[in-house]
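See structure below.
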Amino acid sequence: MTTPILMPQLGNEITEAEVTEWLKAEGDEVTEGDLIVVITTTKMSLEIEAPATGVLKSIDVPEGELAEVGATLATIGQP
Amino acid sequence: MPKEILVDPDTLFQPGELTFATVRLHAYATPFEDELAAYGADALKDILRHMLIIREFESMLGAFKATGAYREIPFNYKGPAHLSIGQEGAAVGAALGLEPDDHIFGSHRSHGEFIAKGLATIQKLDEAALEAIMQGHMGGSLRDDVAKFIGGEGKQLAENFLLFGLLAEIFMRANGFNGGMGGSMHAFFPPFGAYPNNAIVGASAGIATGAALRKKLRNEGGICVANAGDGSTGCGPVWEAMNFASMAQFSTLWTDARKGGLPVLFFFNNNFYAMGGQTIGETMGWDRLSRIGAAVNSASMHAETVDGSNPLAVADAVRRKRALLLDGQGPALLDVECYRSTGHSTTDANVYRSRDELKLWEKRDPILCFQGLLIEKGVMDEDEVAAMRERVVATIEAVTRAAVNPEAAPVVDVRSDPTLIGKLMFSNEEIPVPSTPAPLLQEVGKSAALRQLGRKARFGLNESGEPLSGMRAITLRDGLTEATLHHMLNDPSLIAYGEECREWGGAFGVYRGLSDILPYDRLFNSPISEAAIVATAVGYALEGGRALVELMYGDFIGRAGDEIFNQMAKWRSMSNGILKMPVVLRCSVGSKYGAQHSQDWTALIAHIPGLKVVYPATPYDAKGLLASALSSDDPVVFFESQRLYDTVEQFRAEGVPADYYRIPLGEPDVKRAGEDVTILTIGPSLYPALKAADEMQELHGLSAEIIDARSLVPFNYDKVIESVKKTGHLLIVSEASERGSFAMTLSSNMTRFAYEHLKAAPRVLGSPNWIVPGAEMESTYFPQAGDIIDIVTSDFYPARKANRRGIRDWDDIELARNSL
């Protein structure tokens, strides 16, 4: 079973945001609630928590890239 | 909202009781013999002499006000005289406990404090230092006037210099300490540690707090004293200042080198009356003034009540508080009980107090008490005291004779230079491009939010002319960030603060990322205290720093009204150009949040002489103008439209330079050239004007020239006049309510300046004179493209008139009649 990390809706007028910094690398073990990625909108930066415990299987949006709200940024799977 | 400080309900919800640090009342009990041994007889005699000088000086002013003469010197003094007769023990005692590098900030009743601080400083400095101070003021001309018309050598000359400089200032003469621009209630002389007195009750509280912040950050020693009266404890800004000075973050969050509370002493000359209102028992809730310390912090502000009629008791308390402040335990509060034996001012008939009460206090007169003590203890005899009094009277008489003599103290000659005072309003000076690297928590590149700036396009339109999203191109917000960043990185004297300025990055994100790199002592969250935010910035600047402060919404200007209108705006000119005021006050102009969060109040600020006013509408202009504002030695109120924060650059094809640059304040900018009508816009009205121009070109064959005002004060009319020469028609558009707006000022002036070129009277299109409605109704309120087209086609080109587009089908004369 895998859990996607999605670009959150950061306000009803926000359509896209930047993946600014990955705090974990592919292959890292993550625990639900760990800070995993920093997202930046035009107005603020915020840290996103891991939605599940497991291993960071893939990072789909690299640092510095923009992604639309709802896009899959990374996937957490079982080891 | 620092994450390091946990708000833990389990800890908070424990039952218990609050306790308060004890506040001592009249605890002074040092035996006189110990004081005599510590001070020496001469110093004690000087305490009496200093009190006598203040008493005689103020009696002279009182005599002029009451009888038009003093010792047969006739003079019609027209200005104010808020005398402190009876309070000399407090002033002289405080000065005795201070050092030359301590700075006092006064009130309307501060002649005595000024003289006492000056005399104490003269006593402590050597003659060479005093000579250097006197030579350094006005190129030595005041010193030479004093030597010529009064005389004196060494310290006597310095005392005469102090008294004459003050009296000439009270008489508002050209060689008064402040060039006659300050007067009785605003006199000061920084080299003696006497910083501005203030005609606004309690205003020095916030200013002294800001000055103390500067002293703390400079690590240069010395404390600041806010002198105020008991009545000022009824003023909100005084409470705001005491809280600001007590912020816990100084101890919990600031780095070790900067830890500890602010070195500011709130010194309340408690004379029991706020004009005619009695503070104890009538107008205030406190029974003893010192009680209020307990409301501010757990140390009760080290508050104490002391006997203001005894200068030794006051000096003892001030010295102890000073030591606490220098140890980082500030702020402190002293309730100095004393009695004003004359009226609030010379028009006071004393109807609010009884003869019996006055008689009781006569026995507590600080001069009679101290003189009696010195005689009783054998330090002086009656003859010596009488001789001292005579010498004091002779000094004041000599100083007075000189001050009323127009040859010695010339009247400010405005007639021969009608804009003389105008030239004092601004320095119009800028600092060089800042280039002193400031210490950072980490490199700029470590901040995610700041790295994002480097990845964005510098121009906001794509190849087909469509605007890019604010995530992909530099926005107006980013322009502001970049200008701020350059100054914060390269000018360690600059600090920035306001509500939510740190982790939140400012309410609208202009400072996002800055808390990653800047320590607390450069960027911090302030309490929700608009008055203290601005007043402390003023004090910080008066003490030699530079401040960038933010009011979340321009609608909160009212909360800082005095601080903006009377303090930030006026100290440059009231100091005769001696003081600088490098303060930038950022105010956002809201939208969508209704009547109290959406108002363009630029006209209120522009109305006040002494403030520069800027309102950019594009990223390029925002960055360059903020850089100029931060470089200015004059105060700038910088407006930003919340609706434009995400706006990308659409005018300058080269984009917003990544490097530092400045755009001079006061230069409007032609955003689009045209032939048939000039549309001058203020702030966000630029964008509906552009839309209107497109439509008018397409539908009506009319070409509009659009000029963005960018600044309101200063304002160079040349470009607008040139444009009107070409078009013959002028429409000024702004989002401010029309009545009294700056657009009305521009319209009125342009009618005069370009009368012969105008084919019709200029028109102003603003918002109506009623409240800003909610988000969905805003298009019925703020000027829209259709409203612009309606005016141009109906007023200027009626032949091209089409169906009305906007909703403004009303009769302005009728509205005015109905208060609208």
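Naming works like this for the structure tokens: A, B, ... for the chains as they're shown, residue 1 at the start of each chain, ligands 1 onward in shown order.
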
Can you tell me, as a list in words, what residues are no more than 10 Å from B:Gly561 when counting only C-alpha atoms, ignoring any on the same chain fewer than 2 positions away?
->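 Counting only the stated atoms, we get Glu530, Ala531, Val534, Phe556, Ile557, Gly558, Arg559, Glu563, Ile564, Phe565, Asn566, Gln567, Leu604 and Ile605 of chain B.
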
With C-alpha atoms retained, could you export that selection as a PDB file, in the first residue's frame?
ATOM      1  CA  GLU B 530       0.598  50.662  17.031  1.00  0.00           C
ATOM      2  CA  ALA B 531       1.395  53.736  19.113  1.00  0.00           C
ATOM      3  CA  VAL B 534       5.768  54.140  15.802  1.00  0.00           C
ATOM      4  CA  PHE B 556      -4.762  51.379  12.136  1.00  0.00           C
ATOM      5  CA  ILE B 557      -3.077  54.738  11.577  1.00  0.00           C
ATOM      6  CA  GLY B 558      -5.581  56.174  14.040  1.00  0.00           C
ATOM      7  CA  ARG B 559      -4.082  53.966  16.738  1.00  0.00           C
ATOM      8  CA  GLU B 563       3.096  59.213  17.020  1.00  0.00           C
ATOM      9  CA  ILE B 564       2.823  59.674  13.252  1.00  0.00           C
ATOM     10  CA  PHE B 565       1.401  63.191  13.118  1.00  0.00           C
ATOM     11  CA  ASN B 566       3.234  64.901  15.981  1.00  0.00           C
ATOM     12  CA  GLN B 567       6.355  62.866  16.637  1.00  0.00           C
ATOM     13  CA  LEU B 604      -4.449  62.071   6.130  1.00  0.00           C
ATOM     14  CA  ILE B 605      -0.706  61.520   6.025  1.00  0.00           C
TER      15      ILE B 605
END

Tell me, as a PyMOL selection string, which residues lie within 8 Å of B:Asn490, counting only C-alpha atoms; anything in the same chain fewer than 4 positions away does not count.
-> chain B and resi 434-438+486

Given the selection you just returned, output its residues as a file containing C-alpha atoms, formatted as a PDB file, in the first residue's frame.
ATOM      1  CA  PRO B 434      24.503  50.384   2.375  1.00  0.00           C
ATOM      2  CA  SER B 435      27.528  48.115   2.266  1.00  0.00           C
ATOM      3  CA  THR B 436      28.365  47.075   5.830  1.00  0.00           C
ATOM      4  CA  PRO B 437      27.570  43.360   6.100  1.00  0.00           C
ATOM      5  CA  ALA B 438      25.421  42.657   9.146  1.00  0.00           C
ATOM      6  CA  HIS B 486      19.467  44.528   0.747  1.00  0.00           C
TER       7      HIS B 486
END

Name the residues in contact with B:Val351 at a cut-off of 10 Å, using only C-alpha atoms, excluding same-chain residues fewer than 4 positions from it; report them as a PyMOL selection string.
-> chain B and resi 276+343+355

May I ask you to extract the residues of chain B within 8 Å of chain A, using only C-alpha atoms, and to give them as a list in words?
-> Ala448, Ala449, Gln452, Arg455, Gly470, Met471, Trp504, Gly505, Phe508, Gly509, Val510, Arg512, Gly513 and Asp646 of chain B

Saved selection, atoms kept: C-alpha atoms, as an mmCIF file, in the first residue's frame:
data_model
loop_
_atom_site.group_PDB
_atom_site.id
_atom_site.type_symbol
_atom_site.label_atom_id
_atom_site.label_comp_id
_atom_site.auth_asym_id
_atom_site.auth_seq_id
_atom_site.Cartn_x
_atom_site.Cartn_y
_atom_site.Cartn_z
ATOM 1 C CA ALA B 448 13.841 28.438 1.265
ATOM 2 C CA ALA B 449 11.626 31.470 0.825
ATOM 3 C CA GLN B 452 12.558 31.168 -4.386
ATOM 4 C CA ARG B 455 14.119 31.273 -9.551
ATOM 5 C CA GLY B 470 2.970 35.322 -8.994
ATOM 6 C CA MET B 471 4.671 31.973 -8.399
ATOM 7 C CA TRP B 504 4.750 34.955 9.757
ATOM 8 C CA GLY B 505 6.869 37.183 7.535
ATOM 9 C CA PHE B 508 1.220 39.795 3.883
ATOM 10 C CA GLY B 509 4.483 37.947 3.533
ATOM 11 C CA VAL B 510 6.828 40.769 2.562
ATOM 12 C CA ARG B 512 8.890 35.818 4.527
ATOM 13 C CA GLY B 513 12.220 34.088 4.917
ATOM 14 C CA ASP B 646 0.775 39.426 -6.234
#

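Here atom CA of B:Ala95 is placed at a distance of 9.9 Å from atom CA of B:Ile47.
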
For A:Glu26, list every protein, DNA or RNA residue within 9 Å, evaluated using only C-alpha atoms, and leave out those in the same chain fewer than 5 positions away; present the list as a PyMOL selection string.
-> chain A and resi 55-59

Saved selection, atoms kept: N, CA, C and O atoms, as a PDB file, in the first residue's frame:
ATOM      1  N   VAL A  55       8.424   4.266   4.029  1.00  0.00           N
ATOM      2  CA  VAL A  55       9.666   4.681   3.378  1.00  0.00           C
ATOM      3  C   VAL A  55       9.303   5.632   2.243  1.00  0.00           C
ATOM      4  O   VAL A  55       8.308   5.429   1.548  1.00  0.00           O
ATOM      5  N   LEU A  56      10.120   6.680   2.098  1.00  0.00           N
ATOM      6  CA  LEU A  56       9.859   7.623   1.003  1.00  0.00           C
ATOM      7  C   LEU A  56      10.291   6.932  -0.292  1.00  0.00           C
ATOM      8  O   LEU A  56      11.473   6.803  -0.581  1.00  0.00           O
ATOM      9  N   LYS A  57       9.306   6.442  -1.020  1.00  0.00           N
ATOM     10  CA  LYS A  57       9.587   5.633  -2.206  1.00  0.00           C
ATOM     11  C   LYS A  57      10.063   6.495  -3.372  1.00  0.00           C
ATOM     12  O   LYS A  57      11.011   6.159  -4.064  1.00  0.00           O
ATOM     13  N   SER A  58       9.334   7.569  -3.606  1.00  0.00           N
ATOM     14  CA  SER A  58       9.726   8.394  -4.759  1.00  0.00           C
ATOM     15  C   SER A  58       9.434   9.859  -4.477  1.00  0.00           C
ATOM     16  O   SER A  58       8.476  10.183  -3.782  1.00  0.00           O
ATOM     17  N   ILE A  59      10.306  10.719  -4.994  1.00  0.00           N
ATOM     18  CA  ILE A  59      10.048  12.161  -4.984  1.00  0.00           C
ATOM     19  C   ILE A  59       9.709  12.518  -6.432  1.00  0.00           C
ATOM     20  O   ILE A  59      10.519  12.317  -7.338  1.00  0.00           O
TER      21      ILE A  59
END

May I have the residues within 12 Å of A:Thr75 as a list in words, using only C-alpha atoms and disregarding those fewer than 6 positions away in the same chain?
->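 My list of contacting residues is Met1, Thr2, Thr3, Pro4, Ile5, Leu6, Met7, Lys24, Ala25, Glu26, Gly27, Asp28, Glu29, Val30, Ile36, Ala50, Pro51, Ala52, Thr53, Gly54, Val55, Leu56, Lys57, Ser58, Ile59, Asp60 and Val61 of chain A.
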
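The closest residue to B:Ile292, picked from B:Leu489, B:Val379, B:Leu542, B:Leu334 and counting only C-alpha atoms, is B:Leu334.
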
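Using only C-alpha atoms, the shortest contact distance between B:Ala303 and any of B:Ala560, B:Gln14, B:Glu466, B:Arg24 is found at B:Arg24.
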